[in-house]
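input-v5.cif (mmCIF, C-alpha atoms) appears below.
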```cif
data_entry
loop_
_atom_site.label_atom_id
_atom_site.label_comp_id
_atom_site.auth_asym_id
_atom_site.auth_seq_id
_atom_site.Cartn_x
_atom_site.Cartn_y
_atom_site.Cartn_z
CA MET A 1 -46.01 -0.03 33.69
CA THR A 2 -42.77 -1.36 32.23
CA ARG A 3 -40.05 0.87 30.82
CA SER A 4 -40.98 -0.15 27.26
CA ASP A 5 -44.61 0.86 27.89
CA SER A 6 -43.76 4.24 29.44
CA THR A 7 -44.91 7.36 27.63
CA ASP A 8 -42.39 9.51 29.50
CA VAL A 9 -40.32 11.99 27.54
CA LEU A 10 -36.84 12.08 29.05
CA PRO A 11 -34.04 14.63 28.61
CA PHE A 12 -31.05 13.29 26.70
CA ARG A 13 -27.44 14.40 26.35
CA ILE A 14 -24.82 12.85 24.10
CA SER A 15 -21.96 11.44 26.15
CA ILE A 16 -19.58 9.26 24.17
CA PRO A 17 -17.08 7.58 26.55
CA LEU A 18 -13.47 8.66 26.19
CA ASP A 19 -12.49 5.00 25.75
CA ASP A 20 -14.67 4.83 22.62
CA LEU A 21 -12.98 7.88 21.16
CA THR A 22 -9.54 6.50 22.00
CA ASP A 23 -10.43 3.19 20.36
CA LEU A 24 -11.64 4.96 17.22
CA ARG A 25 -8.42 6.92 16.84
CA SER A 26 -6.35 3.81 17.46
CA ARG A 27 -8.21 1.94 14.72
CA LEU A 28 -7.76 4.85 12.33
CA ARG A 29 -4.02 4.94 12.97
CA SER A 30 -3.81 1.21 12.25
CA THR A 31 -5.68 1.33 8.94
CA ARG A 32 -4.43 -1.02 6.26
CA PHE A 33 -5.22 0.69 2.96
CA ALA A 34 -5.77 -1.57 -0.03
CA ALA A 35 -3.62 0.72 -2.15
CA ASP A 36 -0.64 -0.22 0.05
CA LEU A 37 -0.89 -3.84 -1.10
CA PRO A 38 0.50 -4.32 -4.62
CA ASP A 39 -1.75 -7.27 -5.42
CA GLU A 40 -4.85 -5.34 -4.35
CA ARG A 41 -4.46 -2.20 -6.45
CA LEU A 42 -7.31 -1.28 -8.77
CA PRO A 43 -6.59 0.52 -12.04
CA GLY A 44 -7.33 4.18 -12.37
CA GLY A 45 -8.15 5.21 -8.84
CA SER A 46 -11.29 7.12 -9.87
CA TRP A 47 -14.65 7.34 -8.10
CA SER A 48 -16.02 4.72 -10.53
CA THR A 49 -14.67 1.90 -8.31
CA GLY A 50 -15.26 3.55 -4.94
CA VAL A 51 -13.61 6.23 -2.83
CA PRO A 52 -10.14 6.91 -4.32
CA ALA A 53 -7.25 5.98 -2.04
CA SER A 54 -5.92 9.53 -1.94
CA THR A 55 -9.30 10.92 -0.84
CA LEU A 56 -9.75 8.23 1.77
CA ARG A 57 -6.27 8.77 3.19
CA ARG A 58 -6.93 12.47 3.51
CA LEU A 59 -10.28 12.00 5.23
CA VAL A 60 -8.93 9.34 7.60
CA SER A 61 -6.15 11.73 8.58
CA GLU A 62 -8.71 14.48 9.17
CA TRP A 63 -10.88 12.11 11.21
CA GLN A 64 -7.99 11.34 13.53
CA ARG A 65 -7.75 15.06 14.29
CA PHE A 66 -11.51 15.69 14.41
CA ASP A 67 -12.54 17.20 17.75
CA TRP A 68 -15.56 15.06 18.58
CA PRO A 69 -15.85 16.32 22.19
CA ALA A 70 -16.18 19.91 20.93
CA PHE A 71 -18.79 18.87 18.37
CA GLU A 72 -20.65 16.88 21.03
CA THR A 73 -20.74 19.97 23.26
CA ARG A 74 -22.17 22.00 20.39
CA VAL A 75 -24.91 19.47 19.68
CA ASN A 76 -25.78 19.23 23.38
CA GLU A 77 -26.70 22.90 23.31
CA VAL A 78 -29.78 21.79 21.36
CA PRO A 79 -32.56 20.25 23.53
CA GLN A 80 -32.68 16.49 22.99
CA PHE A 81 -34.96 13.83 24.43
CA THR A 82 -35.88 10.16 24.22
CA THR A 83 -39.17 8.35 24.57
CA SER A 84 -40.31 4.79 23.98
CA ILE A 85 -42.95 4.23 21.29
CA ASP A 86 -44.13 0.80 20.19
CA GLY A 87 -41.29 -0.72 22.19
CA GLN A 88 -38.62 1.35 20.43
CA VAL A 89 -36.47 4.04 22.01
CA ILE A 90 -36.80 7.17 19.88
CA HIS A 91 -34.25 9.96 20.15
CA PHE A 92 -35.29 13.42 19.01
CA VAL A 93 -34.49 17.11 19.06
CA HIS A 94 -37.28 19.43 20.17
CA VAL A 95 -36.88 23.22 20.02
CA ARG A 96 -39.84 25.45 20.76
CA SER A 97 -40.05 28.90 19.24
CA ALA A 98 -40.59 31.96 21.41
CA GLU A 99 -43.21 33.14 18.92
CA PRO A 100 -46.75 32.45 20.20
CA ASN A 101 -48.18 31.31 16.87
CA ALA A 102 -45.36 29.01 15.84
CA VAL A 103 -46.45 25.97 13.81
CA PRO A 104 -45.04 22.55 14.81
CA LEU A 105 -42.76 21.19 12.08
CA LEU A 106 -41.49 17.61 12.04
CA LEU A 107 -38.26 17.03 10.08
CA THR A 108 -37.15 13.53 9.04
CA HIS A 109 -33.72 12.59 7.70
CA GLY A 110 -32.72 9.71 5.46
CA TRP A 111 -29.72 7.46 4.82
CA PRO A 112 -26.75 7.94 5.08
CA GLY A 113 -27.75 11.03 6.99
CA SER A 114 -28.90 11.70 10.54
CA PHE A 115 -30.58 14.29 12.73
CA LEU A 116 -27.30 16.25 12.49
CA GLU A 117 -28.29 17.39 8.98
CA PHE A 118 -30.83 19.83 10.39
CA LEU A 119 -28.80 21.50 13.13
CA ASP A 120 -28.08 24.67 11.17
CA ILE A 121 -31.65 25.29 10.02
CA ILE A 122 -33.24 24.97 13.47
CA GLY A 123 -32.37 28.60 14.29
CA PRO A 124 -33.89 30.14 11.13
CA LEU A 125 -37.00 27.99 11.52
CA THR A 126 -37.63 28.65 15.22
CA ASP A 127 -36.39 32.26 15.36
CA PRO A 128 -36.87 33.77 11.91
CA VAL A 129 -36.54 37.37 13.13
CA ALA A 130 -32.99 36.73 14.35
CA HIS A 131 -32.14 35.40 10.88
CA GLY A 132 -33.67 38.19 8.82
CA GLY A 133 -37.14 36.68 8.51
CA ASP A 134 -40.69 37.33 9.66
CA ALA A 135 -42.02 36.27 13.07
CA ALA A 136 -45.16 34.98 11.33
CA ASP A 137 -43.05 32.22 9.77
CA ALA A 138 -41.89 30.71 13.08
CA PHE A 139 -41.94 26.97 13.78
CA ASP A 140 -41.55 24.66 16.73
CA VAL A 141 -39.09 22.07 15.40
CA VAL A 142 -39.02 18.33 16.11
CA VAL A 143 -36.25 16.20 14.59
CA PRO A 144 -36.42 12.48 15.44
CA SER A 145 -33.74 9.93 14.65
CA LEU A 146 -35.17 7.10 12.57
CA PRO A 147 -35.49 3.74 14.38
CA GLY A 148 -32.17 1.92 14.10
CA PHE A 149 -30.30 5.16 13.40
CA GLY A 150 -28.04 7.05 15.78
CA PHE A 151 -29.39 7.19 19.30
CA SER A 152 -32.70 5.51 18.32
CA THR A 153 -30.91 2.24 18.97
CA PRO A 154 -30.77 -0.63 19.63
CA LEU A 155 -33.48 -1.76 17.24
CA SER A 156 -36.23 -3.43 19.22
CA SER A 157 -38.09 -5.39 16.54
CA ALA A 158 -38.63 -6.05 12.86
CA GLY A 159 -41.27 -4.51 10.63
CA TRP A 160 -40.26 -0.83 10.61
CA THR A 161 -42.06 0.08 7.41
CA THR A 162 -42.57 3.68 6.38
CA ARG A 163 -46.15 3.42 7.62
CA ARG A 164 -45.12 2.18 11.05
CA ILE A 165 -42.55 4.96 11.35
CA ALA A 166 -45.17 7.50 10.25
CA GLU A 167 -47.54 6.21 12.93
CA THR A 168 -44.71 6.46 15.46
CA TRP A 169 -44.01 10.07 14.47
CA VAL A 170 -47.70 10.93 14.85
CA GLU A 171 -47.65 9.44 18.34
CA LEU A 172 -44.50 11.43 19.12
CA MET A 173 -46.23 14.67 18.15
CA THR A 174 -49.19 13.68 20.33
CA ARG A 175 -46.90 13.19 23.32
CA LEU A 176 -45.41 16.62 22.72
CA GLY A 177 -48.89 18.15 22.82
CA TYR A 178 -49.24 18.99 19.12
CA GLU A 179 -52.66 18.37 17.60
CA ARG A 180 -51.87 19.71 14.13
CA PHE A 181 -48.46 20.00 12.52
CA ALA A 182 -46.52 20.11 9.26
CA THR A 183 -43.88 17.64 8.17
CA GLN A 184 -40.80 17.73 5.94
CA GLY A 185 -38.25 15.22 4.75
CA GLY A 186 -35.84 14.08 2.07
CA ASP A 187 -34.71 10.62 0.96
CA ILE A 188 -36.38 8.10 3.35
CA GLY A 189 -37.72 11.14 5.15
CA ALA A 190 -39.69 12.14 2.05
CA LEU A 191 -41.44 8.77 2.02
CA ILE A 192 -42.26 9.07 5.71
CA ALA A 193 -43.43 12.68 5.42
CA SER A 194 -45.86 11.70 2.67
CA GLU A 195 -47.01 8.67 4.67
CA ILE A 196 -47.76 10.85 7.70
CA GLY A 197 -50.29 12.64 5.50
CA ARG A 198 -51.98 9.29 4.83
CA VAL A 199 -51.83 8.14 8.45
CA ALA A 200 -53.17 11.38 9.92
CA PRO A 201 -54.61 13.59 7.15
CA ASP A 202 -56.78 15.51 9.59
CA ARG A 203 -53.75 16.46 11.68
CA THR A 204 -51.25 17.21 8.91
CA LEU A 205 -51.24 20.83 7.77
CA GLY A 206 -48.91 20.15 4.89
CA VAL A 207 -46.20 17.84 3.59
CA HIS A 208 -42.98 19.31 2.23
CA ILE A 209 -40.32 17.17 0.60
CA ASN A 210 -37.01 17.77 -1.10
CA GLY A 211 -36.04 15.47 -3.94
CA ALA A 212 -39.03 13.22 -4.53
CA SER A 213 -41.11 10.57 -2.81
CA ALA A 214 -41.50 8.58 -6.05
CA PHE A 215 -39.58 7.93 -9.23
CA VAL A 216 -40.05 5.76 -12.30
CA SER A 217 -37.13 3.98 -13.93
CA ARG A 218 -38.81 2.97 -17.20
CA LEU A 219 -41.36 4.52 -19.54
CA ASP A 220 -42.97 3.32 -22.73
CA ASP A 221 -42.29 5.26 -25.93
CA GLU A 222 -45.56 7.18 -25.80
CA ALA A 223 -44.99 8.41 -22.25
CA ALA A 224 -41.34 9.18 -22.96
CA SER A 225 -42.32 11.36 -25.91
CA THR A 226 -44.24 13.72 -23.59
CA LEU A 227 -41.29 14.45 -21.29
CA THR A 228 -39.81 17.91 -21.10
CA GLU A 229 -36.07 18.43 -21.60
CA LEU A 230 -35.58 18.66 -17.82
CA GLU A 231 -37.61 15.49 -17.27
CA ARG A 232 -35.64 13.61 -19.94
CA ASP A 233 -32.40 14.57 -18.21
CA ARG A 234 -33.76 13.29 -14.90
CA MET A 235 -34.87 10.03 -16.50
CA ARG A 236 -31.38 9.68 -17.99
CA ARG A 237 -29.84 10.09 -14.56
CA VAL A 238 -32.26 7.56 -13.08
CA ALA A 239 -31.10 5.06 -15.70
CA GLU A 240 -27.46 5.78 -14.89
CA PHE A 241 -28.20 5.30 -11.19
CA MET A 242 -29.82 1.93 -11.84
CA ARG A 243 -26.81 0.81 -13.93
CA HIS A 244 -23.95 2.13 -11.83
CA GLU A 245 -25.13 2.88 -8.27
CA PHE A 246 -27.77 0.33 -7.33
CA GLY A 247 -25.30 -2.02 -5.63
CA TYR A 248 -25.58 -0.44 -2.19
CA ILE A 249 -29.37 -0.90 -2.23
CA ALA A 250 -29.09 -4.55 -3.29
CA LEU A 251 -26.64 -5.23 -0.47
CA GLN A 252 -28.40 -3.26 2.27
CA SER A 253 -31.82 -4.64 1.37
CA THR A 254 -30.71 -8.30 1.29
CA ARG A 255 -27.72 -8.46 3.67
CA PRO A 256 -28.04 -5.65 6.24
CA GLY A 257 -26.46 -7.91 8.85
CA LEU A 258 -23.40 -8.37 6.65
CA VAL A 259 -23.16 -4.63 6.16
CA GLY A 260 -23.36 -4.18 9.92
CA THR A 261 -20.64 -6.77 10.54
CA LEU A 262 -18.24 -5.10 8.12
CA LEU A 263 -18.85 -1.49 9.07
CA THR A 264 -19.10 -2.00 12.83
CA ASP A 265 -15.58 -3.45 12.88
CA SER A 266 -13.85 -0.95 10.59
CA PRO A 267 -14.33 2.81 10.95
CA VAL A 268 -12.60 3.38 7.61
CA ALA A 269 -15.09 1.07 5.91
CA GLN A 270 -17.88 2.99 7.64
CA LEU A 271 -16.42 6.29 6.46
CA ALA A 272 -15.93 5.09 2.88
CA TRP A 273 -19.47 3.65 2.73
CA ILE A 274 -20.92 7.04 3.70
CA VAL A 275 -18.53 9.26 1.74
CA ASP A 276 -19.19 7.30 -1.45
CA LYS A 277 -22.83 8.40 -1.34
CA PHE A 278 -22.16 11.96 -0.22
CA GLN A 279 -19.83 12.36 -3.19
CA ALA A 280 -22.31 10.85 -5.64
CA TRP A 281 -25.31 12.81 -4.38
CA THR A 282 -23.99 16.29 -3.66
CA HIS A 283 -23.77 19.04 -6.27
CA PRO A 284 -21.61 19.60 -8.16
CA THR A 285 -20.41 16.01 -8.26
CA ASP A 286 -16.87 16.98 -9.20
CA ALA A 287 -16.42 19.05 -6.03
CA PRO A 288 -15.20 17.20 -2.91
CA ALA A 289 -18.23 16.31 -0.81
CA ASP A 290 -16.51 17.53 2.35
CA GLU A 291 -16.23 20.97 0.78
CA VAL A 292 -19.87 20.97 -0.32
CA VAL A 293 -21.41 19.99 3.03
CA GLY A 294 -18.51 20.83 5.35
CA LEU A 295 -15.77 18.57 6.66
CA ASP A 296 -16.94 18.68 10.28
CA ILE A 297 -20.49 17.55 9.55
CA LEU A 298 -19.28 14.78 7.25
CA LEU A 299 -16.92 13.43 9.93
CA ALA A 300 -19.46 13.95 12.70
CA ASN A 301 -22.05 11.98 10.76
CA ALA A 302 -19.60 9.11 10.22
CA SER A 303 -18.69 9.30 13.92
CA LEU A 304 -22.34 9.05 14.91
CA TYR A 305 -22.82 5.89 12.86
CA TRP A 306 -19.59 4.48 14.30
CA PHE A 307 -20.18 5.28 17.98
CA THR A 308 -23.76 3.95 17.89
CA ALA A 309 -22.81 0.86 15.81
CA SER A 310 -25.91 1.56 13.73
CA SER A 311 -24.74 0.68 10.22
CA GLY A 312 -26.55 -2.65 10.17
CA SER A 313 -29.77 -1.52 11.84
CA SER A 314 -29.97 1.62 9.67
CA ALA A 315 -29.50 -0.50 6.54
CA TYR A 316 -32.18 -2.89 7.79
CA VAL A 317 -34.75 -0.20 8.53
CA GLY A 318 -33.89 1.91 5.52
CA TYR A 319 -33.82 -0.78 2.87
CA ALA A 320 -34.81 -4.26 4.05
CA GLN A 321 -38.44 -3.64 5.01
CA ASN A 322 -41.44 -4.99 3.13
CA SER A 323 -43.00 -1.64 2.29
CA GLY A 324 -44.89 -2.54 -0.85
CA TRP A 325 -42.09 -1.65 -3.27
CA GLY A 326 -43.52 -0.58 -6.61
CA GLU A 327 -47.04 0.01 -5.32
CA VAL A 328 -48.57 3.46 -5.82
CA PRO A 329 -49.81 4.74 -2.44
CA ALA A 330 -53.18 6.40 -2.06
CA ILE A 331 -53.40 10.19 -2.28
CA SER A 332 -53.93 11.64 1.20
CA GLY A 333 -55.39 14.94 0.08
CA VAL A 334 -52.90 16.79 2.27
CA PRO A 335 -51.30 19.75 0.44
CA THR A 336 -47.79 18.80 -0.65
CA GLY A 337 -44.87 20.99 -1.64
CA VAL A 338 -41.78 19.72 -3.45
CA ILE A 339 -38.40 21.32 -4.09
CA CYS A 340 -36.04 19.57 -6.51
CA PHE A 341 -32.44 20.72 -6.62
CA ALA A 342 -29.97 20.20 -9.45
CA HIS A 343 -29.01 16.66 -8.45
CA ASP A 344 -32.58 15.55 -7.73
CA ILE A 345 -34.59 13.33 -10.06
CA GLY A 346 -38.16 14.21 -9.10
CA ILE A 347 -40.72 14.44 -11.91
CA ARG A 348 -43.96 16.12 -10.97
CA ARG A 349 -46.38 13.86 -12.85
CA PHE A 350 -44.99 10.78 -11.08
CA VAL A 351 -45.11 12.38 -7.64
CA GLU A 352 -48.67 13.59 -8.27
CA ALA A 353 -49.80 9.99 -8.72
CA SER A 354 -49.68 9.59 -4.93
CA ASN A 355 -49.56 13.16 -3.55
CA SER A 356 -51.66 16.31 -3.72
CA VAL A 357 -48.93 18.58 -5.06
CA VAL A 358 -49.83 22.26 -4.77
CA ARG A 359 -46.33 23.72 -5.06
CA TRP A 360 -43.38 22.49 -7.15
CA THR A 361 -40.02 24.24 -7.26
CA ASP A 362 -37.23 23.23 -9.66
CA ILE A 363 -33.73 24.52 -8.92
CA THR A 364 -31.61 23.48 -11.87
CA ASP A 365 -28.25 25.10 -11.16
CA ARG A 366 -27.45 24.29 -7.55
CA GLY A 367 -28.06 21.91 -4.68
CA GLY A 368 -28.15 18.17 -4.25
CA HIS A 369 -29.59 15.35 -2.20
CA PHE A 370 -28.63 16.78 1.20
CA ALA A 371 -30.68 19.97 0.94
CA ALA A 372 -30.42 21.12 4.56
CA LEU A 373 -26.62 20.92 4.35
CA GLU A 374 -26.09 22.13 0.79
CA GLU A 375 -28.69 24.88 0.37
CA PRO A 376 -30.11 25.56 3.84
CA ALA A 377 -31.40 29.08 3.09
CA MET A 378 -33.24 28.01 -0.07
CA LEU A 379 -34.75 25.03 1.73
CA VAL A 380 -35.94 27.17 4.65
CA ASP A 381 -37.40 29.79 2.30
CA ASP A 382 -39.30 27.13 0.33
CA ILE A 383 -40.71 25.56 3.51
CA ARG A 384 -41.83 28.98 4.74
CA GLU A 385 -43.47 29.95 1.45
CA PHE A 386 -45.22 26.60 1.05
CA LEU A 387 -46.64 26.57 4.58
CA ARG A 388 -47.50 30.27 4.85
CA PRO A 389 -51.03 29.93 3.38
CA LEU A 390 -51.63 26.68 5.29
CA ARG A 391 -50.98 28.08 8.76
CA PRO A 392 -53.98 28.24 11.10
CA ARG A 393 -55.21 31.76 11.58
CA ALA A 394 -54.03 33.35 14.82
#
```
Once more with this new file: its structure as structure tokens, please.
Amino acid sequence: MTRSDSTDVLPFRISIPLDDLTDLRSRLRSTRFAADLPDERLPGGSWSTGVPASTLRRLVSEWQRFDWPAFETRVNEVPQFTTSIDGQVIHFVHVRSAEPNAVPLLLTHGWPGSFLEFLDIIGPLTDPVAHGGDAADAFDVVVPSLPGFGFSTPLSSAGWTTRRIAETWVELMTRLGYERFATQGGDIGALIASEIGRVAPDRTLGVHINGASAFVSRLDDEAASTLTELERDRMRRVAEFMRHEFGYIALQSTRPGLVGTLLTDSPVAQLAWIVDKFQAWTHPTDAPADEVVGLDILLANASLYWFTASSGSSAYVGYAQNSGWGEVPAISGVPTGVICFAHDIGIRRFVEASNSVVRWTDITDRGGHFAALEEPAMLVDDIREFLRPLRPRA
């Protein structure tokens, strides 16, 4: 059996070489900011043209001082593993609960996130009693890194559609000894969570997503007339997204190699590329993203993309796959729960076209795209409440 065919699950520890950290800090010190060049100045300096120079300067300065070794030590306290599935190395976190009736829960991140998003909710999910909860709500937690992201690199092949990733996640749960399990995700992770229900409906207890796994950008007049006030606001924000924010999708879906070339050579470009989206997608949008999600996690996430040189492969897997864009997937029949925070644009009737939605929660005054970072307690509570009636009887 070759290494690529092995089904072994191997322990993993993050160990970024000191030379890589030294190189990063050297590059940051040598940054040439466009605002320093008189002929390159853009008018205004607002977020409408990208990350403002003052914000970028501040974050670059903070990144130079960021204690990656200490953060690495913290993350290595969480059990991590790798295994090879379909020729691809898959990195994942796996934390078993001490509770005997814990339900396996698979969490999937999106872009420009990573497995780091879920670090702070692993404790409440696996050990609810220690966090003021009920032992009956305990989970075993599995958090894989998407192919081409983080330590699930290098990318072994093309064709990583949401279905193929869903099939890979089902195989991962099989290797870990889980016959039935629940799944949760946001962004790309929401698409994959829903697809897992289609790939393995008999093994999926429930699908929980934050945000939405489907959205519609245009409606005819008759359909538009039936929208609620909240739905009209979400449609308005979808239209604004398509007008003002779609550029990153166009570039990552058509030129992921170019994105990789640019961001793998410049850590400041990598940071700006990520921060631009964190600022646009967190809530409230006028608050600095590093205050909303935390400076350390923002810099750690950028560091992870930088150290693993995964900007190109993550763009490729996340956006450049032929996944049947615009097609309405079949309904799996698996119970689905959705939580939409203030920034989210999910509309129930559109999500129900391809999912068996049994629980829908709208939070209109708080929270954004990065639910596990922005509103971890509310996310955990919604997962618990959704899955409580779906748990197998002890």
request  = Specify as a PyMOL selection string each residue included when the PyMOL selection byres ((chain A and resi 162) around 10) is applied to this file.
outcome  = chain A and resi 159-161+163-168+188-196+317-318+321-324
Identify, on the basis of only C-alpha atoms, every residue whose closest approach to region 200-208 of chain A does not exceed 6 Å; exclude the query and any residue fewer than 4 positions from it along the same chain; express the result as number ranges by chain. A: 180-184, 196, 334-338
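Minimum atom-to-atom distance to Ser313 (chain A), evaluated using all atoms listed in the file, belongs to A:Pro154 out of A:Arg25, A:Ala377, A:Pro154, A:Ser217.
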Output of the PyMOL selection byres ((chain A and resi 227-238) around 12), listed as a PyMOL selection string: chain A and resi 211-212+214-226+239-246+280-281+340-350+362-365
Of A:Val268, A:Leu146, A:Met173, A:Ala53, the one sitting nearest Leu28 (chain A) when using only C-alpha atoms is A:Val268
Separation of CA of Pro288 (chain A) and CA of Phe115 (chain A), in Å?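 Distance between the two atoms: 22.1 Å.
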